[in-house]
>>> print(open('entry02.txt').read())   # compact mmCIF, C-alpha atoms
# COMPACT_ATOMS: atom_id res chain seq x y z
CA MET O 1 194.68 70.24 235.64
CA ASN O 2 195.55 66.87 234.13
CA GLU O 3 195.67 65.30 237.58
CA THR O 4 192.17 66.52 238.42
CA LEU O 5 190.89 65.10 235.15
CA GLU O 6 192.79 61.87 235.75
CA ALA O 7 191.09 61.54 239.13
CA TRP O 8 187.68 61.81 237.48
CA THR O 9 188.44 59.16 234.83
CA PRO O 10 186.84 56.20 236.68
CA ARG O 11 183.62 58.11 237.24
CA ALA O 12 183.56 59.37 233.65
CA LEU O 13 184.01 55.73 232.58
CA SER O 14 180.93 54.71 234.56
CA LEU O 15 179.00 57.60 233.05
CA LEU O 16 180.00 56.57 229.52
CA ARG O 17 178.98 52.98 230.29
CA ILE O 18 175.55 54.00 231.62
CA VAL O 19 174.82 56.34 228.71
CA ALA O 20 176.03 53.88 226.06
CA GLY O 21 173.96 51.17 227.76
CA LEU O 22 170.83 53.33 227.79
CA LEU O 23 171.28 54.24 224.13
CA ILE O 24 171.67 50.62 223.01
CA LEU O 25 168.78 49.57 225.28
CA GLN O 26 166.57 51.89 223.23
CA HIS O 27 167.35 49.95 220.04
CA GLY O 28 166.49 46.67 221.73
CA MET O 29 163.24 48.01 223.17
CA ALA O 30 162.18 49.56 219.88
CA LYS O 31 162.76 46.26 218.06
CA LEU O 32 161.16 43.86 220.55
CA ILE O 33 158.70 45.79 222.72
CA GLY O 34 157.74 48.33 220.09
CA PHE O 35 158.49 51.28 222.34
CA PRO O 36 159.49 53.86 221.22
CA ALA O 37 157.60 53.07 218.00
CA VAL O 38 160.05 53.22 215.07
CA PRO O 39 158.43 52.57 211.66
CA ALA O 40 161.49 50.63 210.41
CA PHE O 41 161.22 48.21 213.35
CA ALA O 42 157.42 47.75 213.23
CA ASN O 43 157.48 44.14 211.98
CA VAL O 44 160.55 42.66 213.63
CA GLN O 45 160.04 38.96 214.48
CA PRO O 46 161.83 37.69 217.63
CA ILE O 47 163.30 34.75 215.67
CA SER O 48 165.07 36.61 212.90
CA MET O 49 168.37 38.36 212.39
CA LEU O 50 166.98 41.71 213.61
CA GLY O 51 165.09 40.02 216.44
CA LEU O 52 168.24 38.32 217.67
CA ALA O 53 170.06 41.66 217.51
CA GLY O 54 167.17 43.13 219.50
CA VAL O 55 167.55 40.47 222.21
CA LEU O 56 171.29 41.16 222.48
CA GLU O 57 170.65 44.90 222.68
CA LEU O 58 167.85 44.56 225.21
CA VAL O 59 169.63 42.17 227.59
CA GLY O 60 173.14 43.53 226.98
CA GLY O 61 172.00 47.13 227.25
CA ALA O 62 170.24 46.47 230.56
CA LEU O 63 173.30 44.68 231.97
CA LEU O 64 175.53 47.57 230.86
CA VAL O 65 173.28 50.14 232.54
CA LEU O 66 173.48 48.11 235.76
CA GLY O 67 177.18 47.44 235.27
CA LEU O 68 176.81 43.69 235.72
CA PHE O 69 179.28 41.37 233.87
CA THR O 70 180.34 44.50 232.01
CA ARG O 71 183.42 43.18 230.23
CA PRO O 72 181.99 40.10 228.50
CA VAL O 73 178.68 41.88 227.80
CA ALA O 74 180.40 44.87 226.21
CA PHE O 75 182.59 42.51 224.17
CA ILE O 76 179.54 40.71 222.76
CA LEU O 77 177.78 43.99 221.95
CA SER O 78 180.93 45.29 220.26
CA GLY O 79 180.91 42.20 218.05
CA GLU O 80 177.21 42.64 217.35
CA MET O 81 177.78 46.22 216.22
CA ALA O 82 180.64 45.16 213.96
CA VAL O 83 178.37 42.57 212.32
CA ALA O 84 175.58 45.16 212.07
CA TYR O 85 177.93 47.60 210.35
CA PHE O 86 179.23 45.13 207.80
CA MET O 87 175.82 43.59 207.06
CA ALA O 88 173.61 46.66 207.01
CA HIS O 89 175.85 49.64 206.28
CA ALA O 90 179.13 48.70 204.58
CA THR O 91 177.17 47.22 201.67
CA LYS O 92 175.71 50.65 200.93
CA GLY O 93 179.05 52.37 200.32
CA PHE O 94 182.47 53.04 201.76
CA PHE O 95 181.95 56.28 203.70
CA PRO O 96 180.22 55.85 207.07
CA LEU O 97 178.69 59.31 206.74
CA LEU O 98 176.91 58.23 203.54
CA ASN O 99 176.06 54.62 204.41
CA GLY O 100 174.59 55.69 207.76
CA GLY O 101 176.96 53.53 209.77
CA THR O 102 178.65 56.21 211.89
CA LEU O 103 176.57 55.32 214.94
CA ALA O 104 177.29 51.59 214.56
CA ILE O 105 181.04 52.24 214.37
CA MET O 106 180.91 54.52 217.39
CA TYR O 107 178.97 51.88 219.39
CA CYS O 108 181.40 49.20 218.27
CA PHE O 109 184.48 51.02 219.49
CA ALA O 110 182.87 52.44 222.63
CA PHE O 111 181.86 48.89 223.66
CA LEU O 112 185.26 47.54 222.68
CA TYR O 113 186.81 50.07 225.03
CA LEU O 114 184.32 49.28 227.80
CA SER O 115 185.15 45.58 227.44
CA THR O 116 188.78 46.34 228.25
CA ALA O 117 188.24 49.10 230.83
CA GLY O 118 185.41 47.48 232.78
CA ALA O 119 182.52 49.16 234.51
CA GLY O 120 184.13 51.78 236.75
CA PRO O 121 183.09 52.53 240.33
CA TRP O 122 179.37 53.14 239.81
CA SER O 123 178.37 49.56 238.94
CA LEU O 124 177.17 46.27 240.35
CA ASP O 125 180.52 44.74 239.33
CA ALA O 126 182.29 47.16 241.68
CA ALA O 127 179.70 46.64 244.42
CA MET O 128 180.14 42.85 244.19
CA LYS O 129 183.93 43.12 244.33
CA LYS O 130 183.64 45.03 247.61
CA ALA O 131 181.18 42.57 249.16
CA MET V 1 184.80 34.95 234.60
CA ASP V 2 187.96 36.27 236.25
CA LYS V 3 190.07 34.88 233.45
CA ILE V 4 187.92 36.53 230.78
CA ASN V 5 188.09 39.84 232.64
CA LYS V 6 191.86 39.67 232.96
CA THR V 7 192.36 38.85 229.28
CA LEU V 8 190.15 41.76 228.24
CA ALA V 9 191.71 44.18 230.73
CA ALA V 10 195.21 43.58 229.33
CA GLY V 11 194.37 45.56 226.17
CA GLU V 12 193.06 48.65 227.96
CA PRO V 13 195.69 51.33 227.20
CA ILE V 14 195.97 50.49 223.51
CA VAL V 15 192.22 50.18 223.02
CA LEU V 16 191.85 53.63 224.62
CA SER V 17 194.05 55.03 221.85
CA ILE V 18 192.13 53.09 219.18
CA PHE V 19 188.87 54.43 220.61
CA ARG V 20 190.27 57.97 220.55
CA ILE V 21 191.44 57.62 216.94
CA MET V 22 188.06 56.26 215.77
CA THR V 23 186.12 58.97 217.60
CA GLY V 24 188.41 61.56 216.01
CA LEU V 25 188.05 60.07 212.53
CA LEU V 26 184.26 59.93 212.71
CA LEU V 27 184.00 63.53 213.94
CA PHE V 28 186.61 64.67 211.38
CA GLN V 29 184.38 63.18 208.67
CA PHE V 30 181.57 65.58 209.57
CA GLY V 31 183.91 68.59 209.43
CA VAL V 32 185.32 67.53 206.06
CA ALA V 33 181.85 66.90 204.63
CA LYS V 34 180.53 70.28 205.80
CA LEU V 35 183.48 72.45 204.78
CA LEU V 36 185.33 70.62 201.98
CA LYS V 37 182.20 68.85 200.64
CA PHE V 38 183.87 65.46 200.62
CA PRO V 39 182.21 63.01 200.77
CA ALA V 40 179.32 64.98 199.20
CA VAL V 41 176.36 64.89 201.60
CA PRO V 42 173.21 66.53 200.17
CA MET V 43 172.29 67.95 203.59
CA PHE V 44 175.61 69.78 203.93
CA GLU V 45 175.70 71.14 200.35
CA LYS V 46 174.88 74.71 201.32
CA VAL V 47 176.84 75.10 204.56
CA GLU V 48 178.45 78.54 204.71
CA VAL V 49 181.74 78.93 206.55
CA LEU V 50 180.41 81.77 208.68
CA SER V 51 177.28 80.17 210.06
CA LEU V 52 176.39 78.01 213.04
CA PHE V 53 176.96 74.88 210.95
CA GLY V 54 180.19 76.30 209.57
CA VAL V 55 181.62 77.02 213.00
CA ALA V 56 180.59 73.54 214.16
CA ALA V 57 182.33 72.15 211.08
CA MET V 58 185.53 74.04 211.90
CA PHE V 59 185.51 72.60 215.43
CA GLU V 60 185.01 69.12 214.03
CA LEU V 61 187.72 69.59 211.41
CA VAL V 62 190.37 71.07 213.71
CA PHE V 63 189.70 69.26 216.98
CA GLY V 64 188.70 66.03 215.26
CA GLY V 65 192.06 66.18 213.50
CA LEU V 66 193.84 66.80 216.81
CA LEU V 67 192.03 63.81 218.35
CA ILE V 68 193.19 61.56 215.51
CA LEU V 69 196.79 62.67 216.09
CA GLY V 70 196.38 62.63 219.84
CA LEU V 71 197.76 66.15 220.16
CA PHE V 72 196.25 68.16 223.05
CA SER V 73 193.75 65.26 223.28
CA ARG V 74 192.16 66.44 226.50
CA LEU V 75 191.52 69.98 225.31
CA ALA V 76 190.25 68.83 221.92
CA ALA V 77 187.94 66.24 223.48
CA PHE V 78 186.60 68.78 225.96
CA ILE V 79 185.68 71.27 223.24
CA LEU V 80 184.10 68.57 221.07
CA CYS V 81 182.13 67.32 224.08
CA GLY V 82 180.66 70.77 224.53
CA GLU V 83 180.01 71.13 220.82
CA MET V 84 178.10 67.84 220.73
CA ALA V 85 176.01 68.83 223.74
CA VAL V 86 175.06 72.07 221.98
CA ALA V 87 174.41 70.16 218.74
CA TYR V 88 172.08 67.78 220.57
CA PHE V 89 170.06 70.50 222.22
CA ILE V 90 169.87 72.74 219.14
CA GLY V 91 169.60 70.11 216.42
CA HIS V 92 167.86 67.10 217.94
CA PHE V 93 166.16 67.84 221.24
CA PRO V 94 163.48 70.17 219.74
CA LYS V 95 162.30 67.22 217.60
CA GLY V 96 161.25 65.13 220.61
CA PHE V 97 162.38 63.63 223.88
CA ILE V 98 163.46 60.13 222.84
CA PRO V 99 166.92 60.13 221.18
CA LEU V 100 166.07 57.15 218.96
CA LEU V 101 163.27 59.21 217.39
CA ASN V 102 164.90 62.65 217.32
CA GLY V 103 168.05 61.22 215.70
CA GLY V 104 170.32 62.38 218.49
CA ASN V 105 171.85 59.03 219.48
CA LEU V 106 175.10 59.77 217.71
CA ALA V 107 175.42 63.25 219.22
CA ILE V 108 174.90 61.84 222.73
CA LEU V 109 177.41 59.05 222.22
CA PHE V 110 179.97 61.51 220.82
CA CYS V 111 179.33 63.86 223.74
CA PHE V 112 179.92 61.25 226.45
CA SER V 113 182.81 59.60 224.62
CA CYS V 114 184.55 62.95 224.36
CA LEU V 115 183.80 63.67 228.01
CA PHE V 116 185.47 60.40 228.90
CA LEU V 117 188.44 61.13 226.64
CA THR V 118 188.78 64.53 228.33
CA CYS V 119 189.39 62.69 231.59
CA ALA V 120 191.33 59.71 230.28
CA GLY V 121 193.59 61.49 227.79
CA GLY V 122 195.03 60.12 224.56
CA GLY V 123 196.51 56.80 225.62
CA PRO V 124 199.89 55.41 224.53
CA TRP V 125 199.48 55.83 220.76
CA SER V 126 199.36 59.62 220.66
CA LEU V 127 201.57 62.64 220.07
CA ASP V 128 200.82 63.65 223.68
CA ALA V 129 202.46 60.44 224.92
CA MET V 130 205.40 60.85 222.50
CA MET V 131 206.03 64.39 223.68
CA ARG V 132 205.90 63.32 227.31
CA GLY V 133 208.41 60.58 226.56
CA LYS V 134 210.92 63.03 225.10
CA ARG V 135 210.89 65.38 228.05
>>> encode(input="entry02.txt", output="structure tokens")
Amino acid sequence: MNETLEAWTPRALSLLRIVAGLLILQHGMAKLIGFPAVPAFANVQPISMLGLAGVLELVGGALLVLGLFTRPVAFILSGEMAVAYFMAHATKGFFPLLNGGTLAIMYCFAFLYLSTAGAGPWSLDAAMKKA
Amino acid sequence: MDKINKTLAAGEPIVLSIFRIMTGLLLFQFGVAKLLKFPAVPMFEKVEVLSLFGVAAMFELVFGGLLILGLFSRLAAFILCGEMAVAYFIGHFPKGFIPLLNGGNLAILFCFSCLFLTCAGGGPWSLDAMMRGKR
């Protein structure tokens, strides 16, 4: 049982990377392109704190989905999420469930793990290594 | 680039355990809030033990706790993965297709993180690893 699961770990890693990348890409798109339209992000300027976060999420998210330069990209996004948590959520209270920061923490640690584990087999990184 | 990759890759096993512990803690939080009412979340004020929410809370409390400890990590993560998939489709999906708008981002991320942990196991900082070491 454990061996079967172990054998699937690299593929599950790629799956986690793609899904986490797609989710963070959403935040970037909502902030910069305005799709999907989120009322809280309606007036985000590109040159502002939120705009900069949007650029990181848009570019970093896309690179994560593709699995290109996964480790450094995931590391940067992990840092971005840590900053986001402490700037936007930690100031509202200690408990993540109440300050709304659960998602930011989860992103932060998922990306931290991806930065150490890499992209897995389903990625451009892996395709380039073979070539 | 190779040097950066190598430096980052060196931390992999320990970061896996840290990731497991954080995932467990965050899920545990939801179980504690729903059943023990701490921290007090207005939305979870009226959760009965024997209801869909209550059963979800028990899963989160018990298996979230096991994930934190790293005991039966694979089994716990597998059950939580399923729970989060159900939560997404019952709680969020009916509100719309895009996760950012239906509020289901967190459920999706939990679901796939737990799926990964099911495959990867608990890492070196876990009771699973300690028990294996003794045998």
>>> interface_residues(input="entry02.txt", of="chain V", to="chain O", cutoff="7 Å", atoms="all atoms listed in the file", output="PyMOL selection string")
chain V and resi 5+8-9+11-12+15-16+19+23+26+41+100+105-106+109+112-113+116+119-120
>>> atom_distance(input="entry02.txt", atom1="CA of Lys46 (chain V)", atom2="CA of Val32 (chain V)")
13.5 Å
>>> residues_around(input="entry02.txt", residues="Phe30 (chain V)", least_positions_apart="2", cutoff="8 Å", atoms="all atoms listed in the file", output="list in words")
Leu97 of chain O; Leu26, Leu27, Phe28, Val32, Ala33, Lys34, Ala57, Glu60 and Leu61 of chain V
>>> residues_near_point(input="entry02.txt", point="(159.7, 37.4, 219.9)", cutoff="10 Å", atoms="only C-alpha atoms", output="tab-separated table (two decimals) with C-alpha atoms, keeping the file's coordinate frame")
chain	number	residue	atom	x	y	z
O	31	LYS	CA	162.76	46.26	218.06
O	32	LEU	CA	161.16	43.86	220.55
O	33	ILE	CA	158.70	45.79	222.72
O	44	VAL	CA	160.55	42.66	213.63
O	45	GLN	CA	160.04	38.96	214.48
O	46	PRO	CA	161.83	37.69	217.63
O	47	ILE	CA	163.30	34.75	215.67
O	48	SER	CA	165.07	36.61	212.90
O	51	GLY	CA	165.09	40.02	216.44
O	52	LEU	CA	168.24	38.32	217.67
O	54	GLY	CA	167.17	43.13	219.50
O	55	VAL	CA	167.55	40.47	222.21
>>> closest_residue(input="entry02.txt", among="V:Cys81, V:Leu75, V:Ile68, V:Met43", to="Ile18 (chain V)", atoms="all atoms listed in the file")
V:Ile68
>>> residues_near_point(input="entry02.txt", point="(205.1, 64.1, 223.1)", cutoff="12 Å", atoms="only C-alpha atoms", output="ChimeraX atom specification")
/V:69-73,122-135
>>> atom_distance(input="entry02.txt", atom1="CA of Cys111 (chain V)", atom2="CA of Met84 (chain V)")
5.1 Å
>>> atom_distance(input="entry02.txt", atom1="CA of Gly64 (chain V)", atom2="CA of Gly24 (chain V)")
4.5 Å
